[in-house]
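Asks: One structure coming up, written as structure tokens, with questions to follow.
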Amino acid sequence: MFSPKNGVTAKPHQRWRLAFNAVYFTRILVSMPKKMIRQNSQFIAGIIRSPSYVAIDVQPADNDQEHLPLLSIDQKTLTEIVKEKDMERLSHCGGVRQLAAVLETDEKDGISGSSADLAHRTDVFGSNRYKRPPSKSFSSFVYEAFKDKTIVILLVCAFLSLGFGIKQDGLKEGWYDGGSIFVAVLLVIAVSSVSNFKQCRQFEKLSSQTDDIQVVVVRYGRRQGISIFDIVVGDIVCLSTGDQVPADGLFLDGYSLKVDESSMTGESDHVEINEGHNPFLFSGTKVTDGYGHMLVTSVGMNTAWGELMSTINRDLDEQTPLQERLNKLTSYVGKVGLSVAFLVLAVMVIRYFTGNTEDDMGKREYTPGKTKFGDVMNSVVDMVTAAVTIIVVAIPEGLPLAVTLTLAYSMKRMMADNAMVRKLSACETMGSATTICTDKTGTLTLNEMKVTEFWLGKEALEIKASTEIASNVRELLLQGVCLNTTGTIYKALSASVPEISGSPTEKAILSWAALDMDMDIDEIKRDCEVLYVEAFNSEKKRSGVLNRIRNDNMVHTHWKGAAEMVLAMCSDYYERNGKIRVMDDNDRRQFQTIIQSMAAKTLRCIALAHRSVEVDGEINQKLEEIGLTLLGFLGLKDPCRPGVREAVKSCRNAGVNIKMVTGDNPFTAKAIAIECGILRTDEDLENAVVEGVTFRNYSPKERMDKIEKIKVMARSSPFDKLLMVQCLKGKGHVVAVTGDGTNDAPALKEADVGLSMGIQGTEVAKESSDIVILDDNFTSIVTVLRWGRCVYNNLQKFIQFQLTVNVAALAINFAAAVSSGEVPLTAVQLLWVNLIMDTLGALALATEQPTNDLLVNPPVGRSEPLITKVMWRNLIAQALYQVTVLLTLQFKGQSIFGASEKVKDTLIFNTFVLCQVFNEFNARKLEKKNIFSGIHKNRLFLGIVTITVVLQVVMIEFLKQFASTERLNWGQWGVCVAIAALSWPIGWLVKCIPVSCCHLY
């Protein structure tokens, strides 16, 4: 039973927990090492065993601090220990291992991970989620829409028109003009608010997906990947270079672990984490070196990072470079529209007050001293409304909306194509990419390593060579594999094959050792004591371990890594029989030939080396790097991904250069590049393949001269990759870079588009990138390229379409106002046109799906203007046609059709709208003459065109009071359709006019 002391008694509602704790305490005592039990014997008054029961009398130590058993430990205490880096308080709690015991965490096997256990921990300590500021409500978007100056002016005009109209004509008929404007404005506000609200929700959804990273934990003795949101207090998290620390916690074990705490402290120096002096790990920090295991003590809002994250909300109003360019274009066109509107207003006001306007009865509208004040104000309001409406139509606010629709649609579809966009600008920039610098492993290849060759000395042995080699060599080989690894082997009692985890290279080597060489990893770790570990380094391209066999004075150094690097450290080598031979120059050349022969077969060559030193006194924790003995070579096969050759060919046809940057030796890199189609045998291979050290030693001028010819960079460091990106950008290229490691972060940030790998990529790499390739496949990169070009192409289509409408509307109203003092298109009609071209037009043209035609022509690059000569050609031709036809109807329509003034105005309005509908088809293809190609695949486009036509019919035939129109007969409808349909043959003829120096898709 538990014996409370110092007046501390259990409350009634806590008794169930005391009983629960007693049961678990028994289990923990059994699992504790004897040494720990001796150290904590002050807690144990007596353990009395009998065949049928165990009686435990547990009492707290003779100090002031109450022992907190198991899950009853206070969360505030756990939070403050880590947050304040309080070593003294941690030692009072018994240290990290005692806290692990209190949290019911086995140091080796972790927590049980059962659903009940996880639910209980979440209930007690909370979940690993951050509270974010609430999302913007729909009403806030409506409010923002109402704040638009033109909308405010139109609403004022609508209220004035409504008031004067009711006063003049009574409530029954006087509300038509003002009410129509009011309804049209509200419709525009509603459409824009709904659209912006939906896009904001879409971006928030994508934002939450980018936050959902995968972490590796140990539960029930198994390493397993889980979502960061599923971590609970007590979990043991596996950390390695490039990982993000997912919660606050304490260091359990590991080697050379360093973290970047700049996100928390602002200090750029990397902090060393160890058990003795600094075991504290903070959520949100990044592992920069080494590996280890962490005990989670706080999650979610209880972490130091949680307090900070709760005040941060991702900027969902990110402006892309293209949006900024379009805003400038919108501003310029808006100024032109404003000038035209003021000019029209001035002309109309002058004509009105000079008596040059007539009403429907043919009488002068204004006579000084006779016209009522109400009539004057009504006319002035009409004129101001017409001018403001011209401004509304002139300002192409549909362009930013089209960008938003295009990017949102593309982002959603790209997710289905295994690409998650983290930054909006990447979508459009990728369409302009001229060069892609890609990794090899996992991107061009499957990243499914398997040992296919084993060399011991100068002999190639069978993969299963356990009995063919001397026992001492086999023992050293297995020690080097078992101890010098970040991977693990777990074998369940019911499983016949062990579960191996780690990087693909580590998994392949461990699998070979365990399955083919009969390695018992538990026995080796039990017999050997690891003294020091040097984690894999991308510069040295090797990892090492210092160990000794227990009760032995021999200290062993094991190195494993890139064959050339390890071979350079060796002066001897083992033979199959266990004898050591001195390595002379001839031997070294033979070993280099072996490495090259494996590389030529696209094998990754890994070497293992060893050195033993006898020590009597204190052990120097330094790994020997010279005088080693070569243990052997392993050849790992990583086949190319299916379809990668076709993807590379597509890029080359699209004018995009592919450059492979890899850490492999030049022979392997060249072989893979030829297999993937990056290199062709008829090319200048001598200048196409370069080593990183050679590239970095070039002078700046040499690098710039040679960079275009280089296709493969082997044995490259992250600095070499960064240098290549900088050179390419200096040559005017738009550069996309793929990367998966922490050290790739500088190159990913420097590139115009950074592409990180979703499976093998570290969290640092993902955070530094713009797009995450979820399946690590180069084919997906080509898909991103196609989508990028599609985004740019769709926006060009919409720009051409909308500017045609703007130019035509401005020209028609300006010419009519100057010549006759009247505008043929009323405020409501122009608002309706504005709604069609801004919203429905953007939706129709912004959702065209990518086709293979996009990968035929060269990329746009940096210098291509947004509005090309081809677009100007198409735009001017259609605008001239529309202005010519509509002005003809304005001045000769009554005599041609023998119709009234109101019917003539209706014909102008109907023809103008139908011209835009037909011109929408022309805008689908900027250069191709067949504008109907692939139209059956875009049901959304056909649906929007149908809806537009139906609404136009309703507007003309049934809402004549609302739109100031008259019903048209079949003949008049036929004339409108025929005039509008002429846009198609005109578009076809215009495209026969050659335009040089245009790069279009």
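Convention: chains lettered A, B, ... in structure tokens order; per-chain residue numbering from 1; ligands numbered from 1 as shown.
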Need the shell around Ile350 in chain A: protein/DNA/RNA residues with any atom at most 12 Å away, counting only C-alpha atoms. Skip same-chain ones fewer than 4 positions apart. Format as a list in words?
Replies: Leu343, Val344, Leu345, Ala346, Thr354, Gly355, Asn356, Thr357, Tyr366, Val380, Met383, Ala817, Val818, Ser820 and Gly821 of chain A
Asks: Please provide the set of residues having any atom within 7 Å of Ile931 in chain A, restricted to only C-alpha atoms, with same-chain residues fewer than 5 positions apart removed, written as a PyMOL selection string.
Replies: chain A and resi 921-922+924-925
Asks: Which residue out of A:Ser571, A:Ser612, A:Gln592, A:Ser756 has the minimum interatomic distance to Met554 in chain A when only C-alpha atoms are used?
Replies: A:Ser612
Asks: What's the 12 Å shell around Arg939 in chain A, counting only C-alpha atoms, without same-chain residues fewer than 3 positions away, as a PyMOL selection string?
Replies: chain A and resi 843-845+847-849+934-936+942-946
Asks: Atoms to include: C-alpha atoms. Write the selected residues as a tab-separated table (two decimals), in the first residue's frame.
Replies:
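The resulting file, selection_33.tsv, is reproduced below:
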chain	number	residue	atom	x	y	z
A	843	LEU	CA	-13.50	30.81	-63.60
A	844	ALA	CA	-13.86	29.58	-67.16
A	845	LEU	CA	-10.38	30.46	-68.42
A	847	THR	CA	-9.39	26.31	-64.87
A	848	GLU	CA	-8.10	25.01	-68.19
A	849	GLN	CA	-6.12	21.85	-67.44
A	934	GLY	CA	-9.93	19.68	-76.09
A	935	ILE	CA	-13.03	21.71	-75.22
A	936	HIS	CA	-15.05	18.58	-74.44
A	942	LEU	CA	-18.92	24.78	-71.26
A	943	GLY	CA	-21.10	25.03	-68.16
A	944	ILE	CA	-20.09	28.64	-67.49
A	945	VAL	CA	-20.72	29.67	-71.11
A	946	THR	CA	-24.15	28.03	-70.95
Asks: Would you list the contacts of range 763-776 of chain A as a PDB file with N, CA and C atoms, in the first residue's frame, taking every protein, DNA or RNA residue within 8 Å and counting only C-alpha atoms, but skipping same-chain residues closer than 5 positions in sequence?
Replies:
ATOM      1  N   ILE A 213       3.783  17.193 -40.203  1.00  0.00           N
ATOM      2  CA  ILE A 213       5.004  16.482 -40.571  1.00  0.00           C
ATOM      3  C   ILE A 213       5.033  15.120 -39.905  1.00  0.00           C
ATOM      4  N   GLY A 242      18.658  17.103 -39.501  1.00  0.00           N
ATOM      5  CA  GLY A 242      17.626  17.643 -40.382  1.00  0.00           C
ATOM      6  C   GLY A 242      16.229  17.584 -39.824  1.00  0.00           C
ATOM      7  N   ASP A 243      16.024  16.854 -38.721  1.00  0.00           N
ATOM      8  CA  ASP A 243      14.681  16.737 -38.152  1.00  0.00           C
ATOM      9  C   ASP A 243      14.314  17.997 -37.375  1.00  0.00           C
ATOM     10  N   GLN A 244      13.028  18.226 -37.310  1.00  0.00           N
ATOM     11  CA  GLN A 244      12.510  19.275 -36.439  1.00  0.00           C
ATOM     12  C   GLN A 244      12.103  18.631 -35.123  1.00  0.00           C
ATOM     13  N   LYS A 286      15.808  22.821 -34.710  1.00  0.00           N
ATOM     14  CA  LYS A 286      16.222  21.907 -35.773  1.00  0.00           C
ATOM     15  C   LYS A 286      17.502  21.182 -35.390  1.00  0.00           C
ATOM     16  N   ASN A 418       0.701  14.668 -56.460  1.00  0.00           N
ATOM     17  CA  ASN A 418       1.841  14.460 -55.548  1.00  0.00           C
ATOM     18  C   ASN A 418       2.767  15.665 -55.434  1.00  0.00           C
ATOM     19  N   ALA A 419       2.193  16.862 -55.492  1.00  0.00           N
ATOM     20  CA  ALA A 419       2.990  18.067 -55.274  1.00  0.00           C
ATOM     21  C   ALA A 419       2.214  19.015 -54.373  1.00  0.00           C
ATOM     22  N   MET A 420       2.794  19.336 -53.211  1.00  0.00           N
ATOM     23  CA  MET A 420       2.140  20.246 -52.275  1.00  0.00           C
ATOM     24  C   MET A 420       2.841  21.604 -52.330  1.00  0.00           C
ATOM     25  N   VAL A 421       2.078  22.612 -52.722  1.00  0.00           N
ATOM     26  CA  VAL A 421       2.634  23.956 -52.877  1.00  0.00           C
ATOM     27  C   VAL A 421       2.650  24.652 -51.518  1.00  0.00           C
ATOM     28  N   ARG A 422       3.838  25.108 -51.101  1.00  0.00           N
ATOM     29  CA  ARG A 422       3.973  25.823 -49.839  1.00  0.00           C
ATOM     30  C   ARG A 422       3.966  27.336 -50.071  1.00  0.00           C
ATOM     31  N   LYS A 423       4.406  27.777 -51.237  1.00  0.00           N
ATOM     32  CA  LYS A 423       4.434  29.208 -51.548  1.00  0.00           C
ATOM     33  C   LYS A 423       3.774  29.432 -52.904  1.00  0.00           C
ATOM     34  N   ALA A 426       5.574  29.961 -56.330  1.00  0.00           N
ATOM     35  CA  ALA A 426       6.261  28.852 -56.994  1.00  0.00           C
ATOM     36  C   ALA A 426       5.472  28.329 -58.189  1.00  0.00           C
ATOM     37  N   GLY A 442      16.649   8.654 -54.934  1.00  0.00           N
ATOM     38  CA  GLY A 442      15.267   8.829 -54.533  1.00  0.00           C
ATOM     39  C   GLY A 442      14.456   9.689 -55.487  1.00  0.00           C
ATOM     40  N   THR A 443      15.126  10.495 -56.306  1.00  0.00           N
ATOM     41  CA  THR A 443      14.422  11.346 -57.258  1.00  0.00           C
ATOM     42  C   THR A 443      14.458  10.733 -58.648  1.00  0.00           C
ATOM     43  N   GLY A 739      16.013  18.986 -53.397  1.00  0.00           N
ATOM     44  CA  GLY A 739      16.888  18.677 -52.269  1.00  0.00           C
ATOM     45  C   GLY A 739      16.127  17.947 -51.192  1.00  0.00           C
ATOM     46  N   ASP A 740      16.850  17.145 -50.405  1.00  0.00           N
ATOM     47  CA  ASP A 740      16.192  16.421 -49.319  1.00  0.00           C
ATOM     48  C   ASP A 740      16.918  16.553 -47.989  1.00  0.00           C
ATOM     49  N   GLY A 741      18.141  17.064 -47.993  1.00  0.00           N
ATOM     50  CA  GLY A 741      18.915  17.132 -46.766  1.00  0.00           C
ATOM     51  C   GLY A 741      18.927  18.513 -46.149  1.00  0.00           C
ATOM     52  N   THR A 742      19.309  18.562 -44.881  1.00  0.00           N
ATOM     53  CA  THR A 742      19.415  19.840 -44.176  1.00  0.00           C
ATOM     54  C   THR A 742      20.398  20.764 -44.873  1.00  0.00           C
ATOM     55  N   ASN A 743      21.489  20.198 -45.336  1.00  0.00           N
ATOM     56  CA  ASN A 743      22.517  21.011 -45.977  1.00  0.00           C
ATOM     57  C   ASN A 743      22.099  21.506 -47.362  1.00  0.00           C
ATOM     58  N   ASP A 744      20.955  21.005 -47.881  1.00  0.00           N
ATOM     59  CA  ASP A 744      20.448  21.512 -49.155  1.00  0.00           C
ATOM     60  C   ASP A 744      19.675  22.815 -48.981  1.00  0.00           C
ATOM     61  N   ALA A 745      19.412  23.195 -47.730  1.00  0.00           N
ATOM     62  CA  ALA A 745      18.581  24.368 -47.458  1.00  0.00           C
ATOM     63  C   ALA A 745      19.090  25.640 -48.139  1.00  0.00           C
ATOM     64  N   PRO A 746      20.406  25.955 -48.099  1.00  0.00           N
ATOM     65  CA  PRO A 746      20.865  27.175 -48.786  1.00  0.00           C
ATOM     66  C   PRO A 746      20.563  27.176 -50.279  1.00  0.00           C
ATOM     67  N   LEU A 748      18.175  25.458 -51.811  1.00  0.00           N
ATOM     68  CA  LEU A 748      16.727  25.527 -51.988  1.00  0.00           C
ATOM     69  C   LEU A 748      16.223  26.956 -51.844  1.00  0.00           C
ATOM     70  N   LYS A 749      16.800  27.689 -50.904  1.00  0.00           N
ATOM     71  CA  LYS A 749      16.389  29.078 -50.703  1.00  0.00           C
ATOM     72  C   LYS A 749      16.905  29.976 -51.824  1.00  0.00           C
ATOM     73  N   VAL A 753      12.856  28.325 -57.542  1.00  0.00           N
ATOM     74  CA  VAL A 753      11.859  27.394 -57.010  1.00  0.00           C
ATOM     75  C   VAL A 753      12.597  26.263 -56.308  1.00  0.00           C
ATOM     76  N   GLY A 754      12.328  26.091 -55.011  1.00  0.00           N
ATOM     77  CA  GLY A 754      12.919  24.991 -54.257  1.00  0.00           C
ATOM     78  C   GLY A 754      11.944  23.839 -54.159  1.00  0.00           C
ATOM     79  N   LEU A 755      12.403  22.642 -54.544  1.00  0.00           N
ATOM     80  CA  LEU A 755      11.551  21.448 -54.534  1.00  0.00           C
ATOM     81  C   LEU A 755      12.152  20.449 -53.540  1.00  0.00           C
ATOM     82  N   SER A 756      11.469  20.225 -52.418  1.00  0.00           N
ATOM     83  CA  SER A 756      11.966  19.267 -51.431  1.00  0.00           C
ATOM     84  C   SER A 756      11.228  17.946 -51.571  1.00  0.00           C
ATOM     85  N   MET A 757      11.820  16.900 -51.009  1.00  0.00           N
ATOM     86  CA  MET A 757      11.257  15.564 -51.112  1.00  0.00           C
ATOM     87  C   MET A 757      10.379  15.257 -49.890  1.00  0.00           C
ATOM     88  N   GLY A 758       9.182  14.779 -50.139  1.00  0.00           N
ATOM     89  CA  GLY A 758       8.243  14.551 -49.050  1.00  0.00           C
ATOM     90  C   GLY A 758       8.517  13.318 -48.224  1.00  0.00           C
ATOM     91  N   ILE A 781       8.021  16.136 -60.740  1.00  0.00           N
ATOM     92  CA  ILE A 781       8.617  17.446 -60.993  1.00  0.00           C
ATOM     93  C   ILE A 781       8.209  17.940 -62.378  1.00  0.00           C
TER      94      ILE A 781
END
Asks: Quick one: residues within 12 Å of Asn274 in chain A, only C-alpha atoms counted, chain neighbours fewer than 6 positions away excluded, as a list in words?
Replies: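 Once the nearby chain positions are removed, what remains is Val96, Leu250, Phe251, Leu252, Asp253, Gly254, Tyr255, Ser256, Leu257, Lys258, Val259, Phe280, Leu281, Gly290, Tyr291, Gly292, His293 and Met294 of chain A.
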Asks: Which residues are near Thr804 in chain A? Cut-off 7 Å, only C-alpha atoms, ignore same chain within fewer than 5 positions. Put them as a list in words.
Replies: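 Residues near the query, excluding close chain neighbours: Leu875, Gln878 and Ala879 of chain A.
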Asks: Taking the DSSP assignment computed from this structure's backbone, write out as a PyMOL selection string all residues of range 466-597 of chain A that belong to helix (DSSP H, G or I).
Replies: chain A and resi 471-483+504-516+521-527+563-567+585-597
Asks: Could you jot down the CA of Gln224 in chain A to CA of Ser127 in chain A separation for me, Å, one decimal place?
Replies: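 We find that CA of Gln224 in chain A and CA of Ser127 in chain A lie 18.7 Å from each other.
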